[in-house]
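Student: I have a structure I would like to understand better, so I am pasting it below and will then ask my questions one at a time.
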Amino acid sequence: MAQENFIRRYLLKAGVMGQQGFQLGQTSESNPHALHISFSIEKSTSETSNTAKVQIWNLSPASLKVLDTKDCVVELQAGYTSHIALVLVGNIVTVTTQMDGADRLTELEVVDGRVALRDTYISVSYSGKVNSKDVFDYIAGAMGVSVVYSKKAKFKTLPNGFSFVGAGKNALKKLCKTCGLAWSIQNSVLQIRKPNEPITTRAYLLSADTGLLDVPKRITISAESDDSSDGESSTTSQIGYEVRYFLNGAIGVNDYVRLESDSVRGYFRVYKLNIDGDNLEGEWTCTAQLLEVK
């Protein structure tokens, strides 16, 4: 690996829309020292929100006040030298500050899409024929998130319209069941896709030259499938691989990867992803569970 892959960088932004926030990291010659940060991020393809724990040492009183604001948003980018990518967007659930020796340690619990899933209440009624994609677009707009669709996602025409009153996430479940699709929120972006399909056709290469560590471990994963006769998704056991690599925030859940190692070669979809980092010591890596894309 090149030397640049060992120079850790991060950029953290925190605040509430319309109010003064703050940012940390992304050092420069005039400011060569970033605050100590540690994070552990868990992501999956499920409808359950992704979660993260972020620890920051020696924040200023002004920054602590921002973090205590209701539904404060945290955005974290991480990587090496000037190459950093988004690894986390979410709302702070809890903030805890305590002494860690001579230092002050603040710990955040962050949930991806918390406000969108918690607060969105929908009352909608379409009469006559309606394309389900139009309804997906409406739900995403009501939730205040952008939406992306996989290439093979198919949208049914609903001959008798669509009516729903209730939580936005329940509207998504109802519509996805009708269309045989799956949904999840990744970095505050709503993904709608055909089960077991990557969200994008662009494949990231994972090899020893691009950061792959250790030997891929063969595992059995209980994952979604669209092989049922009625077109709806079901859960089946699939053979996959667990891989570990240098932190690369460009690779996210449901992304397409080309795995090249001495023991395994092929195309896979990222099913689960853990990102663990500490800018001063310890891990700065990703651990992903991969499912084969046929």
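Labels used: A, B, ... for chains in the order of the structure tokens, numbers from 1 for residues in each chain, and numbers from 1 for ligands as shown.
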Show me, as a VMD selection string, the residues that have an atom within 12 Å of region 11-14 of chain A when counting only C-alpha atoms, minus same-chain residues fewer than 5 positions from it.
Tutor: chain A and resid 19 to 28 34 to 39 54 to 56 62 to 92 108 110 279
Student: Determine which residues of region 30-255 of chain A DSSP labels as helix (DSSP H, G or I) from the backbone of this structure, then write them out as a ChimeraX atom specification.
Tutor: /A:61-67,114-119,132-143,168-179,208-210
Student: Output the selection as a compact mmCIF listing (two decimals), in the first residue's frame - N, CA and C atoms for each residue.
Tutor:
# COMPACT_ATOMS: atom_id res chain seq x y z
N PRO A 61 -16.61 23.85 25.17
CA PRO A 61 -17.97 24.03 25.70
C PRO A 61 -18.98 24.44 24.63
N ALA A 62 -18.55 25.25 23.67
CA ALA A 62 -19.45 25.68 22.60
C ALA A 62 -19.88 24.49 21.73
N SER A 63 -18.94 23.59 21.44
CA SER A 63 -19.27 22.41 20.63
C SER A 63 -20.19 21.46 21.40
N LEU A 64 -19.94 21.33 22.69
CA LEU A 64 -20.81 20.48 23.52
C LEU A 64 -22.24 21.00 23.54
N LYS A 65 -22.39 22.30 23.53
CA LYS A 65 -23.73 22.90 23.54
C LYS A 65 -24.46 22.57 22.23
N VAL A 66 -23.73 22.59 21.12
CA VAL A 66 -24.34 22.24 19.83
C VAL A 66 -24.83 20.79 19.85
N LEU A 67 -24.03 19.89 20.38
CA LEU A 67 -24.38 18.46 20.40
C LEU A 67 -25.62 18.19 21.25
N ARG A 114 -33.02 8.74 11.78
CA ARG A 114 -33.90 8.65 12.95
C ARG A 114 -35.11 9.57 12.84
N VAL A 115 -34.88 10.82 12.49
CA VAL A 115 -35.99 11.78 12.42
C VAL A 115 -36.95 11.41 11.29
N ALA A 116 -36.40 11.02 10.12
CA ALA A 116 -37.26 10.67 8.99
C ALA A 116 -38.17 9.50 9.32
N LEU A 117 -37.64 8.49 9.99
CA LEU A 117 -38.43 7.30 10.30
C LEU A 117 -39.33 7.53 11.50
N ARG A 118 -38.91 8.36 12.44
CA ARG A 118 -39.69 8.58 13.65
C ARG A 118 -40.83 9.57 13.45
N ASP A 119 -40.60 10.61 12.69
CA ASP A 119 -41.53 11.73 12.66
C ASP A 119 -42.43 11.80 11.43
N SER A 132 -46.31 2.99 -9.13
CA SER A 132 -45.79 2.89 -7.77
C SER A 132 -44.52 3.72 -7.57
N LYS A 133 -43.75 3.97 -8.63
CA LYS A 133 -42.55 4.81 -8.48
C LYS A 133 -42.93 6.22 -8.08
N ASP A 134 -44.04 6.72 -8.60
CA ASP A 134 -44.50 8.05 -8.21
C ASP A 134 -44.83 8.09 -6.72
N VAL A 135 -45.36 6.98 -6.21
CA VAL A 135 -45.69 6.92 -4.78
C VAL A 135 -44.41 6.86 -3.95
N PHE A 136 -43.43 6.07 -4.41
CA PHE A 136 -42.14 6.03 -3.71
C PHE A 136 -41.53 7.43 -3.65
N ASP A 137 -41.57 8.16 -4.76
CA ASP A 137 -41.02 9.52 -4.79
C ASP A 137 -41.73 10.41 -3.79
N TYR A 138 -43.06 10.26 -3.69
CA TYR A 138 -43.83 11.08 -2.76
C TYR A 138 -43.44 10.77 -1.31
N ILE A 139 -43.32 9.49 -0.98
CA ILE A 139 -42.98 9.09 0.39
C ILE A 139 -41.60 9.64 0.76
N ALA A 140 -40.62 9.51 -0.16
CA ALA A 140 -39.28 10.02 0.11
C ALA A 140 -39.31 11.52 0.36
N GLY A 141 -40.09 12.24 -0.44
CA GLY A 141 -40.21 13.68 -0.25
C GLY A 141 -40.82 14.03 1.09
N ALA A 142 -41.84 13.27 1.49
CA ALA A 142 -42.48 13.51 2.79
C ALA A 142 -41.52 13.23 3.94
N MET A 143 -40.63 12.28 3.75
CA MET A 143 -39.65 11.94 4.79
C MET A 143 -38.46 12.91 4.80
N GLY A 168 -44.55 6.85 7.81
CA GLY A 168 -43.94 6.74 6.48
C GLY A 168 -43.26 5.41 6.25
N LYS A 169 -42.58 4.89 7.29
CA LYS A 169 -41.87 3.61 7.13
C LYS A 169 -42.84 2.47 6.86
N ASN A 170 -44.06 2.55 7.40
CA ASN A 170 -45.06 1.52 7.13
C ASN A 170 -45.61 1.63 5.72
N ALA A 171 -45.67 2.83 5.20
CA ALA A 171 -46.06 3.01 3.81
C ALA A 171 -45.03 2.39 2.88
N LEU A 172 -43.76 2.54 3.23
CA LEU A 172 -42.69 1.92 2.43
C LEU A 172 -42.82 0.40 2.45
N LYS A 173 -43.08 -0.17 3.63
CA LYS A 173 -43.23 -1.62 3.74
C LYS A 173 -44.37 -2.11 2.86
N LYS A 174 -45.51 -1.41 2.92
CA LYS A 174 -46.68 -1.81 2.14
C LYS A 174 -46.39 -1.78 0.65
N LEU A 175 -45.77 -0.71 0.19
CA LEU A 175 -45.51 -0.54 -1.24
C LEU A 175 -44.44 -1.52 -1.73
N CYS A 176 -43.39 -1.73 -0.93
CA CYS A 176 -42.34 -2.68 -1.31
C CYS A 176 -42.89 -4.09 -1.40
N LYS A 177 -43.78 -4.46 -0.48
CA LYS A 177 -44.39 -5.79 -0.52
C LYS A 177 -45.20 -5.96 -1.80
N THR A 178 -45.91 -4.93 -2.19
CA THR A 178 -46.70 -4.98 -3.42
C THR A 178 -45.83 -5.16 -4.65
N CYS A 179 -44.67 -4.51 -4.66
CA CYS A 179 -43.80 -4.51 -5.84
C CYS A 179 -42.69 -5.56 -5.78
N ALA A 208 -5.53 -7.14 -2.62
CA ALA A 208 -4.40 -6.76 -1.76
C ALA A 208 -3.85 -5.40 -2.15
N ASP A 209 -3.92 -5.06 -3.42
CA ASP A 209 -3.39 -3.78 -3.90
C ASP A 209 -4.30 -2.61 -3.53
N THR A 210 -5.58 -2.88 -3.26
CA THR A 210 -6.51 -1.79 -2.95
C THR A 210 -6.92 -1.79 -1.47
Student: Please identify all polymer residues within 9 Å of Ala288 (chain A), counting only C-alpha atoms, omitting same-chain residues fewer than 4 positions from it, and present them as JSON, numbers by chain.
Tutor: {"A": [241, 242, 243, 244, 245, 253, 270, 271, 272, 273, 274, 275]}
Student: Ser150 (chain A): which residues within 7 Å, counting only C-alpha atoms, same-chain residues fewer than 3 positions away excluded, as an MDAnalysis selection string?
Tutor: chainID A and resid 153 192:194 198:200
Student: Counting only C-alpha atoms, what is within 8 Å of Ile185 (chain A), bar same-chain residues fewer than 3 positions away, as JSON, numbers by chain?
Tutor: {"A": [47, 49, 50, 112, 113, 188, 189, 190, 191]}
Student: How would you write, as an MDAnalysis selection string, the set of residues in region 72-292 of chain A that DSSP gives as strand (DSSP E)?
Tutor: chainID A and resid 73:80 83:100 103:111 121:126 130:131 146:149 157:158 162:167 182:186 189:193 203:206 212:225 234:246 256:260 265:278 284:292
Student: Can you tell me, as a CSV table (one decimal) with C-alpha atoms, in the first residue's frame, what residues are no more than 6 Å from Leu247 (chain A) when counting only C-alpha atoms, ignoring any on the same chain fewer than 4 positions away?
Tutor:
chain,number,residue,atom,x,y,z
A,284,TRP,CA,-8.9,2.2,10.8
A,285,THR,CA,-10.6,-0.6,8.9
A,286,CYS,CA,-13.9,-1.9,7.4
